[in-house]
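Here's the structure, in structure tokens; my notes come after.
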Amino acid sequence: MKINEYLKEEFPSDVKKMCFIPIPDDCIKCLSNNPCRQGIDEYTVFFGGNEWENMYEDIKNIDKENLEYFFICLFTIITIDVGLYTYYKKYYSQFRKKTRYPKFGWYNKGFGISPFFVNPYKLIQVPESKGLLNKESLNKYIDEYINLFILECNEFFQSNEISIKTNEFINKILNDNQFCIKASDDSAFSLIYNRLKEKVNEVK
């Protein structure tokens with residue numbers, strides 16, 4: 001199965017198998033009168049914990065043969081979600097209504113139910129460190145994946161008449177300090193980052 005087929009046919013059901021943590025009831029009550037400025041709403045669920053410490057619990061219901069594609073696709077949706085919220089907030093509510101993607105992080109009641117978010121690169125780095133994803137395997141379909149990443153952005157912006165150029169959007173993500181500093185080694189994440197950087201300027 002190719003990664004684009006997995007994204008369309010199996011990934012949505014695999015995401016639903018994850019172990020999510022919903023936001024507390026008192027936070028939902030607060031949101032009804034004061035929408036959160038951090039992209040949180042009554043449909044928000046978290047996964048991951050600090051530095052993706054809950055990875056094995058989160059993925060325990062995912063078939064092993066799907067794991068590599070699962071990590072890559074999860075990285076894709078979380079990166080797009082974070083990028084849109086960070087750089088194009090005026091479109092985020094429209095995006096959120098269409099997607100309702102989970103949030104990568106956790107909340108802490110000790111800080112007034114404050115949400116904490118983890119850098120999406122951990123969705124690649126942590127599985128790689130555990131031997132569940134590797135650069136050599138990813139390299140076999142990296143071009144297909146990069147084209148898929150760009151296509152997903154293009155299709156969403158165009159179908160929803162959102163005035164964002166895909167190349168500008170991706171370049172903002174690539175140039176983010178929290179993102180680019182993680183791409184300086186010989187890792188799977190660096191492979192994704194560098195190939196995306198090569199390809200993005202060909203996109204309108």
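Labels used: A, B, ... for chains in the order of the structure tokens, numbers from 1 for residues in each chain, and numbers from 1 for ligands as shown.
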
For this session: Mind checking which residues fall within 6 Å of region 90-105 of chain A, counting only C-alpha atoms, ignoring those fewer than 6 positions away in the same chain, and posting them as a ChimeraX atom specification?
Result: /A:45-49,116-118

Exercise. Can you list every residue in region 42-120 of chain A that DSSP puts in alpha helix (DSSP H), as a VMD selection string?
Worked result: chain A and resid 55 to 58 67 to 87 89 to 99

Emit the selected residues as a short mmCIF file (atom, residue, chain, number, x, y, z; two decimals), in the first residue's frame, including N, CA and C atoms.
```cif
data_model
loop_
_atom_site.label_atom_id
_atom_site.label_comp_id
_atom_site.auth_asym_id
_atom_site.auth_seq_id
_atom_site.Cartn_x
_atom_site.Cartn_y
_atom_site.Cartn_z
N MET A 55 3.79 7.57 24.14
CA MET A 55 3.71 7.02 22.79
C MET A 55 3.20 5.57 22.76
N TYR A 56 3.78 4.70 23.56
CA TYR A 56 3.39 3.28 23.49
C TYR A 56 1.91 3.09 23.86
N GLU A 57 1.43 3.87 24.80
CA GLU A 57 0.02 3.80 25.16
C GLU A 57 -0.85 4.33 24.02
N ASP A 58 -0.41 5.41 23.40
CA ASP A 58 -1.17 6.03 22.31
C ASP A 58 -1.33 5.10 21.11
N LEU A 67 2.31 1.16 11.40
CA LEU A 67 2.91 2.16 12.29
C LEU A 67 3.75 3.21 11.58
N GLU A 68 4.59 2.81 10.65
CA GLU A 68 5.45 3.81 10.01
C GLU A 68 4.63 4.85 9.26
N TYR A 69 3.70 4.41 8.42
CA TYR A 69 2.83 5.35 7.72
C TYR A 69 2.01 6.17 8.73
N PHE A 70 1.58 5.52 9.79
CA PHE A 70 0.79 6.21 10.81
C PHE A 70 1.57 7.39 11.40
N PHE A 71 2.82 7.16 11.78
CA PHE A 71 3.64 8.24 12.33
C PHE A 71 3.80 9.39 11.34
N ILE A 72 4.06 9.05 10.09
CA ILE A 72 4.28 10.08 9.07
C ILE A 72 3.01 10.90 8.85
N CYS A 73 1.87 10.23 8.77
CA CYS A 73 0.60 10.95 8.53
C CYS A 73 0.18 11.75 9.76
N LEU A 74 0.44 11.23 10.94
CA LEU A 74 0.13 11.97 12.16
C LEU A 74 0.99 13.24 12.23
N PHE A 75 2.26 13.11 11.90
CA PHE A 75 3.14 14.27 11.82
C PHE A 75 2.58 15.31 10.84
N THR A 76 2.06 14.85 9.72
CA THR A 76 1.54 15.75 8.69
C THR A 76 0.36 16.57 9.20
N ILE A 77 -0.64 15.91 9.78
CA ILE A 77 -1.84 16.65 10.19
C ILE A 77 -1.55 17.58 11.36
N ILE A 78 -0.70 17.15 12.29
CA ILE A 78 -0.38 18.00 13.43
C ILE A 78 0.46 19.20 13.00
N THR A 79 1.38 18.99 12.08
CA THR A 79 2.21 20.09 11.58
C THR A 79 1.35 21.13 10.86
N ILE A 80 0.43 20.68 10.02
CA ILE A 80 -0.45 21.60 9.31
C ILE A 80 -1.34 22.35 10.29
N ASP A 81 -1.87 21.65 11.28
CA ASP A 81 -2.71 22.27 12.30
C ASP A 81 -1.94 23.37 13.05
N VAL A 82 -0.76 23.03 13.53
CA VAL A 82 0.05 23.99 14.29
C VAL A 82 0.47 25.16 13.41
N GLY A 83 0.86 24.86 12.17
CA GLY A 83 1.29 25.93 11.26
C GLY A 83 0.17 26.90 10.95
N LEU A 84 -1.01 26.39 10.73
CA LEU A 84 -2.14 27.27 10.40
C LEU A 84 -2.52 28.11 11.61
N TYR A 85 -2.54 27.50 12.79
CA TYR A 85 -2.88 28.28 13.99
C TYR A 85 -1.83 29.35 14.27
N THR A 86 -0.57 29.02 14.08
CA THR A 86 0.51 29.94 14.40
C THR A 86 0.58 31.12 13.44
N TYR A 87 0.40 30.86 12.15
CA TYR A 87 0.66 31.90 11.15
C TYR A 87 -0.58 32.45 10.44
N LYS A 89 -4.09 32.70 11.85
CA LYS A 89 -5.16 32.51 12.84
C LYS A 89 -6.55 32.87 12.31
N LYS A 90 -6.62 33.81 11.39
CA LYS A 90 -7.95 34.22 10.90
C LYS A 90 -8.65 33.10 10.14
N TYR A 91 -7.89 32.11 9.68
CA TYR A 91 -8.48 30.98 8.98
C TYR A 91 -8.61 29.75 9.86
N TYR A 92 -8.10 29.84 11.07
CA TYR A 92 -8.01 28.62 11.87
C TYR A 92 -9.38 28.06 12.26
N SER A 93 -10.31 28.90 12.62
CA SER A 93 -11.63 28.39 13.03
C SER A 93 -12.29 27.64 11.88
N GLN A 94 -12.12 28.12 10.66
CA GLN A 94 -12.66 27.45 9.48
C GLN A 94 -11.99 26.08 9.30
N PHE A 95 -10.68 26.06 9.47
CA PHE A 95 -9.92 24.81 9.37
C PHE A 95 -10.34 23.84 10.47
N ARG A 96 -10.48 24.36 11.67
CA ARG A 96 -10.82 23.53 12.84
C ARG A 96 -12.18 22.86 12.67
N LYS A 97 -13.14 23.58 12.14
CA LYS A 97 -14.48 23.02 11.95
C LYS A 97 -14.46 21.85 10.97
N LYS A 98 -13.55 21.92 10.01
CA LYS A 98 -13.46 20.88 8.98
C LYS A 98 -12.68 19.65 9.48
N THR A 99 -11.73 19.85 10.38
CA THR A 99 -10.79 18.78 10.71
C THR A 99 -10.93 18.22 12.13
#
```

For this session: Would you mind listing what lies within 10 Å of Lys2 (chain A) as an MDAnalysis selection string, with only C-alpha atoms counted and same-chain residues fewer than 2 positions away left out?
Result: chainID A and resid 4:7 69 141 144:145

For this session: Write out as a list in words all residues of region 17-171 of chain A that DSSP puts in strand (DSSP E or B) for this structure's backbone.
Result: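 Strand (DSSP E or B) members of region 17-171 of chain A, listed: Ile21, Pro22, Val45, Phe46, Phe47, Gly48, Lys103, Phe104, Gly105, Trp106, Tyr107, Asn108, Ser114, Pro115, Phe116 and Phe117 of chain A.
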
Exercise. CA of Tyr193 (chain A) to CA of Glu53 (chain A): how many Å, to one decimal?
Worked result: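 Pair CA of Tyr193 (chain A) / CA of Glu53 (chain A) returns 23.3 Å.
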
Exercise. If you count only C-alpha atoms, which residues fall within 8 Å of region 132-135 of chain A, apart from same-chain ones fewer than 3 positions away, as a PyMOL selection string?
Worked result: chain A and resi 67-68+124+127-129+138-139+187-188+191

Those same residues, written as a short mmCIF file (atom, residue, chain, number, x, y, z; two decimals), in the first residue's frame with C-alpha atoms?
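Writing the result to result21.cif gives the following:
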```cif
data_model
loop_
_atom_site.label_atom_id
_atom_site.label_comp_id
_atom_site.auth_asym_id
_atom_site.auth_seq_id
_atom_site.Cartn_x
_atom_site.Cartn_y
_atom_site.Cartn_z
CA LEU A 67 2.91 2.16 12.29
CA GLU A 68 5.45 3.81 10.01
CA ILE A 124 9.12 11.49 13.90
CA PRO A 127 9.46 6.61 16.99
CA GLU A 128 12.84 6.69 15.24
CA SER A 129 14.66 6.61 18.59
CA LEU A 138 11.35 6.46 4.61
CA ASN A 139 13.82 7.31 1.85
CA SER A 187 17.69 11.73 10.93
CA ALA A 188 14.35 10.84 9.37
CA LEU A 191 15.21 13.95 5.46
#
```

Problem set entry | Pick from A:Asn108, A:Asn119, A:Ser114, A:Ser13, whichever lies nearest to Gln178 (chain A) using only C-alpha atoms |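 That would be A:Asn119, the residue with the smallest distance to Gln178 (chain A).
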
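Going from CA of Asn160 (chain A) to CA of Tyr121 (chain A) covers 27.0 Å.
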